[in-house]
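S.K.: Next comes start16.txt, compact mmCIF, C-alpha atoms:
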```
# COMPACT_ATOMS: atom_id res chain seq x y z
CA MET C 1087 -16.83 14.17 -9.82
CA LYS C 1088 -20.20 12.72 -10.85
CA ARG C 1089 -21.57 9.68 -9.02
CA ILE C 1090 -19.92 6.59 -10.47
CA LYS C 1091 -18.91 3.07 -9.49
CA LEU C 1092 -15.83 3.46 -7.32
CA PRO C 1093 -13.08 0.85 -7.10
CA VAL C 1094 -12.55 -0.40 -3.57
CA HIS C 1095 -8.80 -0.83 -4.11
CA ILE C 1096 -6.55 1.18 -6.45
CA ALA C 1097 -2.88 0.34 -6.95
CA PHE C 1098 -0.36 2.74 -8.49
CA ILE C 1099 2.84 2.07 -10.43
CA MET C 1100 4.34 5.54 -10.03
CA ASP C 1101 6.61 5.63 -13.06
CA GLY C 1102 8.41 8.54 -14.69
CA ASN C 1103 9.95 10.52 -11.83
CA GLY C 1104 13.47 10.40 -13.27
CA ARG C 1105 12.39 11.20 -16.83
CA TRP C 1106 10.24 14.07 -15.57
CA ALA C 1107 13.28 15.55 -13.82
CA LYS C 1108 15.56 14.97 -16.84
CA ARG C 1109 13.21 16.92 -19.10
CA ARG C 1110 13.65 19.83 -16.70
CA PHE C 1111 17.45 19.44 -16.66
CA ARG C 1112 17.31 18.50 -13.00
CA PRO C 1113 18.83 15.48 -11.18
CA ARG C 1114 16.78 12.32 -10.72
CA ALA C 1115 16.55 13.05 -6.99
CA PHE C 1116 14.50 16.14 -7.84
CA GLY C 1117 12.02 13.90 -9.64
CA HIS C 1118 11.83 11.43 -6.78
CA ARG C 1119 11.07 14.24 -4.31
CA ALA C 1120 8.33 15.55 -6.59
CA GLY C 1121 7.01 12.00 -6.93
CA VAL C 1122 6.72 11.56 -3.17
CA GLN C 1123 4.88 14.86 -2.85
CA ASN C 1124 2.47 13.81 -5.58
CA MET C 1125 1.98 10.40 -3.99
CA THR C 1126 0.67 12.08 -0.85
CA LYS C 1127 -1.61 14.35 -2.88
CA ILE C 1128 -3.05 11.65 -5.14
CA CYS C 1129 -3.54 9.06 -2.39
CA SER C 1130 -5.24 11.62 -0.15
CA HIS C 1131 -7.58 12.51 -3.00
CA ALA C 1132 -8.38 8.84 -3.63
CA PHE C 1133 -9.43 8.43 0.00
CA ARG C 1134 -11.51 11.62 -0.16
CA LEU C 1135 -13.32 10.23 -3.20
CA GLY C 1136 -14.25 7.14 -1.21
CA VAL C 1137 -11.61 4.61 -2.26
CA ARG C 1138 -10.94 2.35 0.72
CA ILE C 1139 -7.53 0.84 -0.15
CA VAL C 1140 -4.58 2.38 -1.98
CA THR C 1141 -1.36 0.51 -2.80
CA VAL C 1142 1.74 2.24 -4.17
CA TYR C 1143 4.87 0.71 -5.71
CA ALA C 1144 7.54 2.78 -3.97
CA LEU C 1145 10.64 0.60 -4.47
CA SER C 1146 10.94 -2.67 -6.36
CA THR C 1147 13.51 -5.35 -5.67
CA GLU C 1148 14.98 -4.54 -9.09
CA ASN C 1149 15.40 -0.88 -8.12
CA LEU C 1150 18.04 -1.97 -5.62
CA SER C 1151 20.46 -2.43 -8.52
CA ARG C 1152 20.46 1.32 -9.17
CA PRO C 1153 23.60 3.36 -8.43
CA LYS C 1154 24.39 3.77 -4.73
CA GLU C 1155 24.05 7.55 -4.95
CA GLU C 1156 20.48 7.28 -6.23
CA LEU C 1157 19.60 4.63 -3.62
CA ASP C 1158 20.97 6.84 -0.84
CA GLU C 1159 18.76 9.66 -2.11
CA LEU C 1160 15.76 7.34 -2.12
CA PHE C 1161 16.57 6.19 1.40
CA ASP C 1162 16.73 9.83 2.50
CA LEU C 1163 13.29 10.33 1.00
CA PHE C 1164 11.94 7.36 2.96
CA ARG C 1165 13.62 8.73 6.08
CA SER C 1166 11.95 12.12 5.62
CA TYR C 1167 8.59 10.66 4.58
CA PHE C 1168 8.11 8.26 7.47
CA SER C 1169 9.55 10.54 10.15
CA LYS C 1170 7.76 13.73 9.12
CA LYS C 1171 4.41 12.35 7.97
CA LYS C 1172 3.47 10.47 11.13
CA GLU C 1173 1.05 13.09 12.39
CA ARG C 1174 -0.54 13.50 8.96
CA PHE C 1175 -1.14 9.76 8.79
CA LEU C 1176 -2.84 9.95 12.17
CA ASP C 1177 -4.93 12.94 11.09
CA MET C 1178 -6.02 11.10 7.92
CA ASP C 1179 -7.19 8.14 10.03
CA VAL C 1180 -5.62 5.83 7.43
CA LYS C 1181 -3.81 2.63 8.36
CA ILE C 1182 -0.29 2.37 6.91
CA ASN C 1183 0.97 -1.06 5.88
CA VAL C 1184 4.45 -1.54 4.37
CA ILE C 1185 4.82 -4.58 2.11
CA GLY C 1186 8.22 -6.01 1.21
CA ASP C 1187 11.58 -6.74 2.79
CA ILE C 1188 12.53 -3.56 4.65
CA THR C 1189 15.66 -5.13 6.19
CA VAL C 1190 17.70 -3.62 3.34
CA LEU C 1191 16.86 -0.14 4.62
CA PRO C 1192 18.96 1.73 7.19
CA GLU C 1193 17.94 0.79 10.72
CA ASP C 1194 16.52 4.22 11.60
CA ILE C 1195 14.14 4.04 8.62
CA GLN C 1196 13.04 0.55 9.62
CA GLU C 1197 12.26 1.86 13.10
CA ASP C 1198 10.25 4.79 11.70
CA ILE C 1199 8.29 2.45 9.42
CA ILE C 1200 7.44 0.09 12.27
CA ASP C 1201 6.44 3.05 14.45
CA VAL C 1202 4.13 4.46 11.75
CA MET C 1203 2.50 1.06 11.19
CA GLU C 1204 1.96 0.57 14.92
CA ARG C 1205 0.59 4.07 15.53
CA THR C 1206 -1.81 3.89 12.58
CA SER C 1207 -2.91 0.29 13.18
CA VAL C 1208 -6.16 1.44 14.80
CA ASN C 1209 -7.08 3.85 11.99
CA THR C 1210 -10.27 2.96 10.19
CA ASP C 1211 -10.86 5.38 7.31
CA GLY C 1212 -8.71 3.51 4.81
CA LEU C 1213 -5.65 1.37 4.20
CA MET C 1214 -2.51 2.56 2.43
CA ASN C 1215 -0.07 -0.16 1.38
CA ILE C 1216 3.44 1.04 0.54
CA CYS C 1217 5.52 -1.55 -1.35
CA ILE C 1218 9.22 -1.20 -0.54
CA ASN C 1219 11.80 -3.72 -1.80
CA TYR C 1220 8.86 -5.67 -3.17
CA GLY C 1221 8.74 -8.07 -6.13
CA ALA C 1222 5.76 -10.21 -7.08
CA ARG C 1223 7.79 -13.18 -8.29
CA GLN C 1224 9.79 -13.17 -5.08
CA GLU C 1225 6.55 -12.97 -3.10
CA ILE C 1226 5.09 -15.99 -4.92
CA VAL C 1227 8.26 -18.06 -4.52
CA ARG C 1228 8.38 -17.23 -0.80
CA ALA C 1229 4.72 -18.27 -0.39
CA VAL C 1230 5.33 -21.56 -2.24
CA ASN C 1231 8.36 -22.33 -0.10
CA GLU C 1232 6.36 -21.61 3.03
CA ALA C 1233 3.66 -24.05 1.92
CA VAL C 1234 6.30 -26.69 1.10
CA ALA C 1235 8.04 -26.18 4.44
CA PHE C 1236 4.79 -26.93 6.23
CA GLY C 1237 4.12 -29.90 3.96
CA ARG C 1238 0.69 -28.77 2.87
CA PHE C 1239 -1.30 -28.43 -0.33
CA VAL C 1240 -2.94 -25.09 -0.99
CA ASP C 1241 -5.99 -23.84 -2.82
CA GLU C 1242 -6.53 -20.25 -3.98
CA ALA C 1243 -7.84 -19.05 -0.62
CA SER C 1244 -5.09 -20.62 1.48
CA PHE C 1245 -2.39 -19.53 -0.97
CA HIS C 1246 -3.62 -15.95 -0.80
CA ASN C 1247 -3.15 -16.12 2.96
CA LEU C 1248 0.55 -16.85 2.40
CA LEU C 1249 1.03 -13.66 0.38
CA SER C 1250 2.03 -10.25 1.72
CA THR C 1251 -1.50 -9.04 0.96
CA LYS C 1252 -3.16 -11.56 3.26
CA GLY C 1253 -6.66 -10.37 4.13
CA ILE C 1254 -6.58 -7.49 1.63
CA PRO C 1255 -8.92 -7.52 -1.39
CA ASP C 1256 -7.14 -7.67 -4.75
CA PRO C 1257 -6.84 -4.34 -6.58
CA ASP C 1258 -9.84 -3.47 -8.73
CA LEU C 1259 -7.81 -0.94 -10.71
CA ILE C 1260 -4.07 -0.66 -11.37
CA ILE C 1261 -2.87 2.68 -12.71
CA ARG C 1262 0.56 3.03 -14.30
CA THR C 1263 1.98 6.39 -15.32
CA GLY C 1264 4.99 7.17 -17.51
CA GLY C 1265 3.78 5.66 -20.77
CA GLU C 1266 5.00 2.10 -20.18
CA LEU C 1267 2.53 -0.76 -20.73
CA ARG C 1268 3.57 -3.46 -18.28
CA LEU C 1269 3.21 -4.51 -14.64
CA SER C 1270 6.94 -4.72 -13.88
CA ASN C 1271 6.73 -7.50 -11.27
CA PHE C 1272 3.96 -5.76 -9.32
CA LEU C 1273 1.14 -7.75 -7.66
CA LEU C 1274 1.20 -10.40 -10.41
CA TYR C 1275 -0.95 -12.91 -8.51
CA GLN C 1276 -3.33 -10.28 -7.17
CA ALA C 1277 -3.75 -8.58 -10.56
CA ALA C 1278 -5.43 -11.58 -12.23
CA TYR C 1279 -8.70 -9.66 -12.70
CA SER C 1280 -7.59 -6.09 -12.08
CA GLU C 1281 -8.54 -3.45 -14.60
CA LEU C 1282 -5.44 -1.77 -16.05
CA TYR C 1283 -5.16 1.93 -16.87
CA PHE C 1284 -2.07 3.45 -18.47
CA SER C 1285 -1.25 7.15 -18.58
CA ASP C 1286 1.42 8.83 -20.70
CA LYS C 1287 1.90 11.43 -17.99
CA MET C 1288 4.95 11.18 -15.76
CA TRP C 1289 4.02 10.50 -12.14
CA PRO C 1290 4.87 13.99 -10.77
CA GLU C 1291 2.43 15.54 -13.28
CA PHE C 1292 -0.38 13.02 -12.75
CA SER C 1293 -3.14 15.20 -11.26
CA ARG C 1294 -6.24 14.74 -9.15
CA ARG C 1295 -8.29 15.20 -12.31
CA ASP C 1296 -6.24 12.48 -14.03
CA LEU C 1297 -7.12 10.16 -11.15
CA GLU C 1298 -10.79 11.01 -11.56
CA LYS C 1299 -10.60 10.29 -15.30
CA ALA C 1300 -9.03 6.90 -14.57
CA ILE C 1301 -11.82 6.07 -12.13
CA GLU C 1302 -14.45 7.21 -14.63
CA ASN C 1303 -12.85 4.94 -17.24
CA TYR C 1304 -12.91 2.05 -14.76
CA SER C 1305 -16.55 2.74 -13.94
CA ALA C 1306 -17.55 2.38 -17.59
CA ARG C 1307 -16.00 -1.08 -17.94
CA ASP C 1308 -18.02 -4.30 -17.76
CA ARG C 1309 -16.25 -6.51 -15.22
CA ARG C 1310 -17.41 -10.09 -15.78
CA PHE C 1311 -14.54 -12.05 -14.17
CA GLY C 1312 -14.70 -14.69 -16.89
CA ASN C 1313 -18.49 -14.98 -16.89
CA VAL C 1314 -20.91 -13.93 -19.63
CA ARG C 1315 -23.25 -10.99 -19.13
CA GLY C 1316 -26.32 -11.93 -17.12
CA ASN C 1317 -24.59 -14.66 -15.06
```
Translate this file's structure into structure tokens.
M.R.:
Amino acid sequence: MKRIKLPVHIAFIMDGNGRWAKRRFRPRAFGHRAGVQNMTKICSHAFRLGVRIVTVYALSTENLSRPKEELDELFDLFRSYFSKKKERFLDMDVKINVIGDITVLPEDIQEDIIDVMERTSVNTDGLMNICINYGARQEIVRAVNEAVAFGRFVDEASFHNLLSTKGIPDPDLIIRTGGELRLSNFLLYQAAYSELYFSDKMWPEFSRRDLEKAIENYSARDRRFGNVRGN
């Protein structure tokens, strides 16, 4: 890829796994497995390109209303991912940070997640945030209640420190696959000035080259953050 302006932080809404599987007359679980495999491939490529922070929307709070059979399949994917990818995370030298309420997950998965976060906490080549049972509205309400409980007023900086992304720069670029044009309760506060990029491709078919095209598109944009050019 030619030399361009790289985003520091890319966030992914990995949509379309189930539809991708349906088009192939396969169960939704087949699509979720393919989606996890592609997540590893695309995130690894982002780090190789020089992106420092990657955030993925793995499971929303709303997803918990899906049928139990599908949730059990997703939990099995988390179980496999966090138990089998530990060494790869260490080899990548990327810090893993899980955002969201993981208490809804089976206890063994919670233990694997905590272990991965602890073992990668000293890694320095990048940060990978995995959002599990995460919802932006719920995050904002929780932060407000925390401020109220402590009886304090907040400004933007102190409010940001009450969010799950405390200390993490807001995403420069949010990529959503699957053809939908919305944020779906993902990083609503943090996305105030994020550049948005939508792809019609389903997540399992979103390629390394597609990622590069999204970054090239981002690089060509004039990010003024509410200012006029020249300020």
S.K.: Can you tell me how far CA of Gly1186 (chain C) sits from CA of Phe1292 (chain C), in Å to one decimal?
M.R.: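 Between CA of Gly1186 (chain C) and CA of Phe1292 (chain C) the gap is 25.1 Å.
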S.K.: Measuring atom to atom with all atoms listed in the file, identify which of C:Ala1277, C:Asn1303, C:Val1240, C:Asp1187 is nearest to Pro1255 (chain C).
M.R.: C:Ala1277
S.K.: What is the distance between CA of Ser1280 (chain C) and CA of Ile1260 (chain C), in Å to one decimal?
M.R.: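 Computing it gives 6.5 Å between the two atoms.
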S.K.: Which of these residues is nearest to Ser1130 (chain C), using all atoms listed in the file: C:Val1180, C:Ile1188, C:Ala1222, C:Cys1217?
M.R.: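 Closest to Ser1130 (chain C) of all the choices is C:Val1180.
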S.K.: As a PyMOL selection string, please: the residues near Gly1104 (chain C) (cut-off 12 Å, all atoms listed in the file, same-chain neighbours under 2 positions excluded).
M.R.: chain C and resi 1100-1102+1106-1121+1156+1160+1264+1288-1290
S.K.: Identify, on the basis of all atoms listed in the file, every residue whose closest approach to Phe1272 (chain C) does not exceed 10 Å; exclude the query and any residue fewer than 6 positions from it along the same chain; express the result as an mmCIF file with C-alpha atoms, in the frame of the given file.
M.R.:
```cif
data_model
loop_
_atom_site.group_PDB
_atom_site.id
_atom_site.type_symbol
_atom_site.label_atom_id
_atom_site.label_comp_id
_atom_site.auth_asym_id
_atom_site.auth_seq_id
_atom_site.Cartn_x
_atom_site.Cartn_y
_atom_site.Cartn_z
ATOM 1 C CA ALA C 1097 -2.880 0.340 -6.950
ATOM 2 C CA PHE C 1098 -0.360 2.740 -8.490
ATOM 3 C CA ILE C 1099 2.840 2.070 -10.430
ATOM 4 C CA VAL C 1142 1.740 2.240 -4.170
ATOM 5 C CA TYR C 1143 4.870 0.710 -5.710
ATOM 6 C CA SER C 1146 10.940 -2.670 -6.360
ATOM 7 C CA CYS C 1217 5.520 -1.550 -1.350
ATOM 8 C CA TYR C 1220 8.860 -5.670 -3.170
ATOM 9 C CA GLY C 1221 8.740 -8.070 -6.130
ATOM 10 C CA ALA C 1222 5.760 -10.210 -7.080
ATOM 11 C CA ARG C 1223 7.790 -13.180 -8.290
ATOM 12 C CA GLU C 1225 6.550 -12.970 -3.100
ATOM 13 C CA ILE C 1260 -4.070 -0.660 -11.370
#
```
S.K.: Report as a PyMOL selection string all protein, DNA and RNA residues lying within 7 Å of Asp1198 (chain C), evaluated on only C-alpha atoms, omitting residues in the same chain fewer than 4 positions from it.
M.R.: chain C and resi 1168-1169+1194+1202
S.K.: Using all atoms listed in the file, which of C:Arg1309, C:His1131, C:Arg1238, C:Arg1138 sits nearest Ile1096 (chain C)?
M.R.: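 Answer, going by the shortest atom-to-atom distance: C:Arg1138.
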S.K.: Could you tell me which of C:Asp1211, C:Glu1148, C:Glu1173, C:Glu1193 comes closest to Phe1161 (chain C) if we count all atoms listed in the file?
M.R.: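 That would be C:Glu1193, the residue with the smallest distance to Phe1161 (chain C).
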